[in-house]
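Visitor: Got a structure for you, written out below as structure tokens; questions coming shortly.
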Amino acid sequence: MTEEQLVLVAIQEVPHLYWDANKAKRLRTLLVDETRQSVAEKLNEMGIEVSRQNIDRLFTGQAKWANTQHIIGICKAFSLKLTDFFPIYTISLPSEMQNTLDKSNSNLQE
């Protein structure tokens with residue numbers, strides 16, 4: 001029997017997230033007062049390049065994958081949370097593991 005591994009990756013390192021009709025419906029519900037064009041414009045103003053057509057694919061559920069930066073940008077721009085679309089799991093790490101993680105993060109930032 002093999003041991004299961006838990007791998008943590010910074011969300012910025014994940015280029016795409018799975019997208020489906022349920023997430024599209026949730027997006028339409030949360031942004032009911034926004035047009036696809038206004039969403040695209042807001043993201044572009046934030047420096048996140050996206051077309052109205054890409055936003056339309058997210059709204060209609062035609063996209064099977066969503067650009068992670070687009071989703072993070074939508075969340076920031078409209079005060080949403082990733083948990084509005086994706087299950088997020090929290091874990092508690094033993095303190096010695098947390099110290100190792102903190103050291104790894106500081107090494108990555110140098």
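Order determines the names: the first chain of the structure tokens is A, the second B, and so forth; residues in each chain are numbered 1 upward, and ligands are numbered 1 upward as they are shown.
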So that I can see what lies close to Ile55 in chain A, please list as a ChimeraX atom specification the residues with an atom at most 9 Å from it, counting only C-alpha atoms and leaving out residues fewer than 5 positions away in the same chain.

Guide: /A:36-37,39-40,50,60,70

Visitor: Hey, can you check how far CA of Asp20 in chain A sits from CA of Ala63 in chain A?

Guide: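 Interatomic distance here is 7.0 Å.
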
Visitor: Write out as a PyMOL selection string the set of residues from chain A that DSSP, computed on the backbone, places in alpha helix (DSSP H).

Guide: chain A and resi 21-30+36-45+52-60+68-77+95-109

Visitor: Could you pull the residues within 10 Å of Thr68 in chain A, counting only C-alpha atoms, minus those fewer than 2 positions along the same chain, as a PDB file with all heavy atoms, in the first residue's frame?

Guide:
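Once written, around_21.pdb looks like this:
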```pdb
ATOM      1  N   ILE A  11      -1.677  29.142  -5.112  1.00  0.00           N
ATOM      2  CA  ILE A  11      -2.706  29.272  -6.137  1.00  0.00           C
ATOM      3  C   ILE A  11      -2.168  29.988  -7.375  1.00  0.00           C
ATOM      4  O   ILE A  11      -2.583  29.706  -8.496  1.00  0.00           O
ATOM      5  CB  ILE A  11      -3.975  29.965  -5.574  1.00  0.00           C
ATOM      6  CG1 ILE A  11      -5.149  29.867  -6.546  1.00  0.00           C
ATOM      7  CG2 ILE A  11      -3.698  31.418  -5.229  1.00  0.00           C
ATOM      8  CD1 ILE A  11      -5.800  28.531  -6.596  1.00  0.00           C
ATOM      9  N   GLN A  12      -1.221  30.893  -7.193  1.00  0.00           N
ATOM     10  CA  GLN A  12      -0.651  31.619  -8.323  1.00  0.00           C
ATOM     11  C   GLN A  12       0.127  30.702  -9.264  1.00  0.00           C
ATOM     12  O   GLN A  12       0.375  31.062 -10.409  1.00  0.00           O
ATOM     13  CB  GLN A  12       0.276  32.744  -7.833  1.00  0.00           C
ATOM     14  CG  GLN A  12      -0.419  33.818  -7.064  1.00  0.00           C
ATOM     15  CD  GLN A  12      -0.637  33.485  -5.590  1.00  0.00           C
ATOM     16  OE1 GLN A  12      -0.299  32.400  -5.107  1.00  0.00           O
ATOM     17  NE2 GLN A  12      -1.226  34.408  -4.863  1.00  0.00           N
ATOM     18  N   GLU A  13       0.498  29.534  -8.776  1.00  0.00           N
ATOM     19  CA  GLU A  13       1.241  28.575  -9.583  1.00  0.00           C
ATOM     20  C   GLU A  13       0.329  27.634 -10.371  1.00  0.00           C
ATOM     21  O   GLU A  13       0.785  26.839 -11.172  1.00  0.00           O
ATOM     22  CB  GLU A  13       2.178  27.745  -8.696  1.00  0.00           C
ATOM     23  CG  GLU A  13       3.227  28.567  -7.980  1.00  0.00           C
ATOM     24  CD  GLU A  13       4.192  29.243  -8.935  1.00  0.00           C
ATOM     25  OE1 GLU A  13       4.533  28.654  -9.979  1.00  0.00           O
ATOM     26  OE2 GLU A  13       4.594  30.390  -8.644  1.00  0.00           O
ATOM     27  N   VAL A  14      -0.973  27.720 -10.125  1.00  0.00           N
ATOM     28  CA  VAL A  14      -1.942  26.850 -10.799  1.00  0.00           C
ATOM     29  C   VAL A  14      -2.557  27.641 -11.952  1.00  0.00           C
ATOM     30  O   VAL A  14      -3.283  28.605 -11.721  1.00  0.00           O
ATOM     31  CB  VAL A  14      -3.038  26.386  -9.807  1.00  0.00           C
ATOM     32  CG1 VAL A  14      -4.056  25.502 -10.514  1.00  0.00           C
ATOM     33  CG2 VAL A  14      -2.412  25.669  -8.621  1.00  0.00           C
ATOM     34  N   PRO A  15      -2.269  27.281 -13.198  1.00  0.00           N
ATOM     35  CA  PRO A  15      -2.728  28.102 -14.324  1.00  0.00           C
ATOM     36  C   PRO A  15      -4.232  28.051 -14.584  1.00  0.00           C
ATOM     37  O   PRO A  15      -4.816  29.037 -15.014  1.00  0.00           O
ATOM     38  CB  PRO A  15      -1.951  27.567 -15.517  1.00  0.00           C
ATOM     39  CG  PRO A  15      -1.520  26.200 -15.132  1.00  0.00           C
ATOM     40  CD  PRO A  15      -1.425  26.178 -13.626  1.00  0.00           C
ATOM     41  N   HIS A  16      -4.861  26.916 -14.330  1.00  0.00           N
ATOM     42  CA  HIS A  16      -6.284  26.775 -14.628  1.00  0.00           C
ATOM     43  C   HIS A  16      -6.997  25.980 -13.545  1.00  0.00           C
ATOM     44  O   HIS A  16      -6.413  25.108 -12.912  1.00  0.00           O
ATOM     45  CB  HIS A  16      -6.484  26.052 -15.972  1.00  0.00           C
ATOM     46  CG  HIS A  16      -5.943  26.818 -17.117  1.00  0.00           C
ATOM     47  ND1 HIS A  16      -4.658  26.637 -17.590  1.00  0.00           N
ATOM     48  CD2 HIS A  16      -6.484  27.782 -17.885  1.00  0.00           C
ATOM     49  CE1 HIS A  16      -4.456  27.460 -18.596  1.00  0.00           C
ATOM     50  NE2 HIS A  16      -5.540  28.165 -18.792  1.00  0.00           N
ATOM     51  N   LEU A  17      -8.273  26.303 -13.379  1.00  0.00           N
ATOM     52  CA  LEU A  17      -9.131  25.604 -12.433  1.00  0.00           C
ATOM     53  C   LEU A  17     -10.307  25.003 -13.189  1.00  0.00           C
ATOM     54  O   LEU A  17     -10.796  25.595 -14.151  1.00  0.00           O
ATOM     55  CB  LEU A  17      -9.659  26.584 -11.378  1.00  0.00           C
ATOM     56  CG  LEU A  17      -8.597  27.275 -10.525  1.00  0.00           C
ATOM     57  CD1 LEU A  17      -9.185  28.473  -9.803  1.00  0.00           C
ATOM     58  CD2 LEU A  17      -8.005  26.294  -9.540  1.00  0.00           C
ATOM     59  N   TYR A  18     -10.757  23.844 -12.746  1.00  0.00           N
ATOM     60  CA  TYR A  18     -11.904  23.194 -13.376  1.00  0.00           C
ATOM     61  C   TYR A  18     -13.134  24.091 -13.255  1.00  0.00           C
ATOM     62  O   TYR A  18     -13.412  24.651 -12.205  1.00  0.00           O
ATOM     63  CB  TYR A  18     -12.152  21.828 -12.726  1.00  0.00           C
ATOM     64  CG  TYR A  18     -13.365  21.143 -13.268  1.00  0.00           C
ATOM     65  CD1 TYR A  18     -13.364  20.603 -14.551  1.00  0.00           C
ATOM     66  CD2 TYR A  18     -14.528  21.063 -12.518  1.00  0.00           C
ATOM     67  CE1 TYR A  18     -14.495  19.990 -15.057  1.00  0.00           C
ATOM     68  CE2 TYR A  18     -15.662  20.454 -13.018  1.00  0.00           C
ATOM     69  CZ  TYR A  18     -15.640  19.920 -14.296  1.00  0.00           C
ATOM     70  OH  TYR A  18     -16.761  19.324 -14.799  1.00  0.00           O
ATOM     71  N   TRP A  65     -12.352  24.952 -18.307  1.00  0.00           N
ATOM     72  CA  TRP A  65     -11.272  25.378 -17.430  1.00  0.00           C
ATOM     73  C   TRP A  65     -11.311  26.895 -17.351  1.00  0.00           C
ATOM     74  O   TRP A  65     -11.601  27.563 -18.335  1.00  0.00           O
ATOM     75  CB  TRP A  65      -9.910  24.927 -17.978  1.00  0.00           C
ATOM     76  CG  TRP A  65      -9.812  23.447 -18.042  1.00  0.00           C
ATOM     77  CD1 TRP A  65     -10.045  22.652 -19.138  1.00  0.00           C
ATOM     78  CD2 TRP A  65      -9.515  22.559 -16.982  1.00  0.00           C
ATOM     79  NE1 TRP A  65      -9.898  21.336 -18.811  1.00  0.00           N
ATOM     80  CE2 TRP A  65      -9.570  21.251 -17.483  1.00  0.00           C
ATOM     81  CE3 TRP A  65      -9.199  22.746 -15.630  1.00  0.00           C
ATOM     82  CZ2 TRP A  65      -9.322  20.135 -16.700  1.00  0.00           C
ATOM     83  CZ3 TRP A  65      -8.951  21.638 -14.862  1.00  0.00           C
ATOM     84  CH2 TRP A  65      -9.011  20.346 -15.391  1.00  0.00           C
ATOM     85  N   ALA A  66     -11.023  27.426 -16.184  1.00  0.00           N
ATOM     86  CA  ALA A  66     -10.985  28.872 -15.994  1.00  0.00           C
ATOM     87  C   ALA A  66      -9.565  29.283 -15.653  1.00  0.00           C
ATOM     88  O   ALA A  66      -8.889  28.624 -14.855  1.00  0.00           O
ATOM     89  CB  ALA A  66     -11.928  29.278 -14.863  1.00  0.00           C
ATOM     90  N   HIS A  70      -7.964  35.005 -13.740  1.00  0.00           N
ATOM     91  CA  HIS A  70      -9.266  35.614 -14.021  1.00  0.00           C
ATOM     92  C   HIS A  70     -10.215  35.418 -12.839  1.00  0.00           C
ATOM     93  O   HIS A  70     -10.906  36.350 -12.421  1.00  0.00           O
ATOM     94  CB  HIS A  70      -9.889  35.026 -15.289  1.00  0.00           C
ATOM     95  CG  HIS A  70      -9.109  35.320 -16.527  1.00  0.00           C
ATOM     96  ND1 HIS A  70      -9.385  34.706 -17.726  1.00  0.00           N
ATOM     97  CD2 HIS A  70      -8.061  36.162 -16.771  1.00  0.00           C
ATOM     98  CE1 HIS A  70      -8.542  35.151 -18.643  1.00  0.00           C
ATOM     99  NE2 HIS A  70      -7.733  36.029 -18.081  1.00  0.00           N
ATOM    100  N   ILE A  71     -10.243  34.216 -12.294  1.00  0.00           N
ATOM    101  CA  ILE A  71     -11.134  33.930 -11.167  1.00  0.00           C
ATOM    102  C   ILE A  71     -10.703  34.708  -9.926  1.00  0.00           C
ATOM    103  O   ILE A  71     -11.538  35.306  -9.231  1.00  0.00           O
ATOM    104  CB  ILE A  71     -11.194  32.411 -10.870  1.00  0.00           C
ATOM    105  CG1 ILE A  71     -11.730  31.644 -12.081  1.00  0.00           C
ATOM    106  CG2 ILE A  71     -12.034  32.129  -9.632  1.00  0.00           C
ATOM    107  CD1 ILE A  71     -13.098  32.093 -12.563  1.00  0.00           C
ATOM    108  N   ILE A  72      -9.416  34.740  -9.645  1.00  0.00           N
ATOM    109  CA  ILE A  72      -8.924  35.517  -8.500  1.00  0.00           C
ATOM    110  C   ILE A  72      -9.250  36.989  -8.709  1.00  0.00           C
ATOM    111  O   ILE A  72      -9.688  37.677  -7.777  1.00  0.00           O
ATOM    112  CB  ILE A  72      -7.413  35.289  -8.298  1.00  0.00           C
ATOM    113  CG1 ILE A  72      -7.172  33.861  -7.801  1.00  0.00           C
ATOM    114  CG2 ILE A  72      -6.832  36.310  -7.318  1.00  0.00           C
ATOM    115  CD1 ILE A  72      -5.714  33.455  -7.752  1.00  0.00           C
ATOM    116  N   GLY A  73      -9.075  37.484  -9.933  1.00  0.00           N
ATOM    117  CA  GLY A  73      -9.389  38.875 -10.239  1.00  0.00           C
ATOM    118  C   GLY A  73     -10.858  39.183 -10.051  1.00  0.00           C
ATOM    119  O   GLY A  73     -11.225  40.227  -9.481  1.00  0.00           O
ATOM    120  N   ILE A  74     -11.720  38.293 -10.505  1.00  0.00           N
ATOM    121  CA  ILE A  74     -13.168  38.477 -10.318  1.00  0.00           C
ATOM    122  C   ILE A  74     -13.491  38.531  -8.828  1.00  0.00           C
ATOM    123  O   ILE A  74     -14.257  39.386  -8.379  1.00  0.00           O
ATOM    124  CB  ILE A  74     -13.961  37.368 -11.036  1.00  0.00           C
ATOM    125  CG1 ILE A  74     -13.893  37.571 -12.552  1.00  0.00           C
ATOM    126  CG2 ILE A  74     -15.414  37.323 -10.563  1.00  0.00           C
ATOM    127  CD1 ILE A  74     -14.427  36.403 -13.379  1.00  0.00           C
TER     128      ILE A  74
END
```

Visitor: List every residue of chain A that DSSP, applied to the backbone of this structure, assigns to strand (DSSP E or B), and report them as a PyMOL selection string.

Guide: chain A and resi 16-18+65-67

Visitor: Can those selected residues be exported to a file as a PDB file, in the first residue's frame so that it contains N, CA, C and O atoms?

Guide:
```pdb
ATOM      1  N   HIS A  16      -4.861  26.916 -14.330  1.00  0.00           N
ATOM      2  CA  HIS A  16      -6.284  26.775 -14.628  1.00  0.00           C
ATOM      3  C   HIS A  16      -6.997  25.980 -13.545  1.00  0.00           C
ATOM      4  O   HIS A  16      -6.413  25.108 -12.912  1.00  0.00           O
ATOM      5  N   LEU A  17      -8.273  26.303 -13.379  1.00  0.00           N
ATOM      6  CA  LEU A  17      -9.131  25.604 -12.433  1.00  0.00           C
ATOM      7  C   LEU A  17     -10.307  25.003 -13.189  1.00  0.00           C
ATOM      8  O   LEU A  17     -10.796  25.595 -14.151  1.00  0.00           O
ATOM      9  N   TYR A  18     -10.757  23.844 -12.746  1.00  0.00           N
ATOM     10  CA  TYR A  18     -11.904  23.194 -13.376  1.00  0.00           C
ATOM     11  C   TYR A  18     -13.134  24.091 -13.255  1.00  0.00           C
ATOM     12  O   TYR A  18     -13.412  24.651 -12.205  1.00  0.00           O
ATOM     13  N   TRP A  65     -12.352  24.952 -18.307  1.00  0.00           N
ATOM     14  CA  TRP A  65     -11.272  25.378 -17.430  1.00  0.00           C
ATOM     15  C   TRP A  65     -11.311  26.895 -17.351  1.00  0.00           C
ATOM     16  O   TRP A  65     -11.601  27.563 -18.335  1.00  0.00           O
ATOM     17  N   ALA A  66     -11.023  27.426 -16.184  1.00  0.00           N
ATOM     18  CA  ALA A  66     -10.985  28.872 -15.994  1.00  0.00           C
ATOM     19  C   ALA A  66      -9.565  29.283 -15.653  1.00  0.00           C
ATOM     20  O   ALA A  66      -8.889  28.624 -14.855  1.00  0.00           O
ATOM     21  N   ASN A  67      -9.129  30.363 -16.261  1.00  0.00           N
ATOM     22  CA  ASN A  67      -7.825  30.916 -15.932  1.00  0.00           C
ATOM     23  C   ASN A  67      -7.856  31.335 -14.467  1.00  0.00           C
ATOM     24  O   ASN A  67      -8.731  32.092 -14.045  1.00  0.00           O
TER      25      ASN A  67
END
```

Visitor: Residues of range 24-43 of chain A that approach range 82-100 of chain A to 10 Å or less, counting only C-alpha atoms: could you list each one with the shortest pair of atoms and its distance in Å to one decimal, rows by chain and increasing residue number, as CSV?

Guide:
```
residue,atom,partner,partner_atom,distance
A:Ala24,CA,A:Phe85,CA,8.8
A:Lys25,CA,A:Phe85,CA,9.9
A:Arg26,CA,A:Phe85,CA,7.2
A:Leu27,CA,A:Phe85,CA,7.9
A:Leu30,CA,A:Asp84,CA,8.8
```

Visitor: Counting only C-alpha atoms, which of A:Asn54, A:Leu43, A:Ala10, A:Glu34 gets nearest to Cys75 in chain A?

Guide: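 Closest candidate: A:Leu43.
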
Visitor: When you draw a straight line from CA of Leu58 in chain A to CA of Val9 in chain A, how long is it in Å?

Guide: 23.8 Å

Visitor: In Å, with one decimal, what is the gap from CA of Phe59 in chain A to CA of Leu31 in chain A?

Guide: 9.5 Å
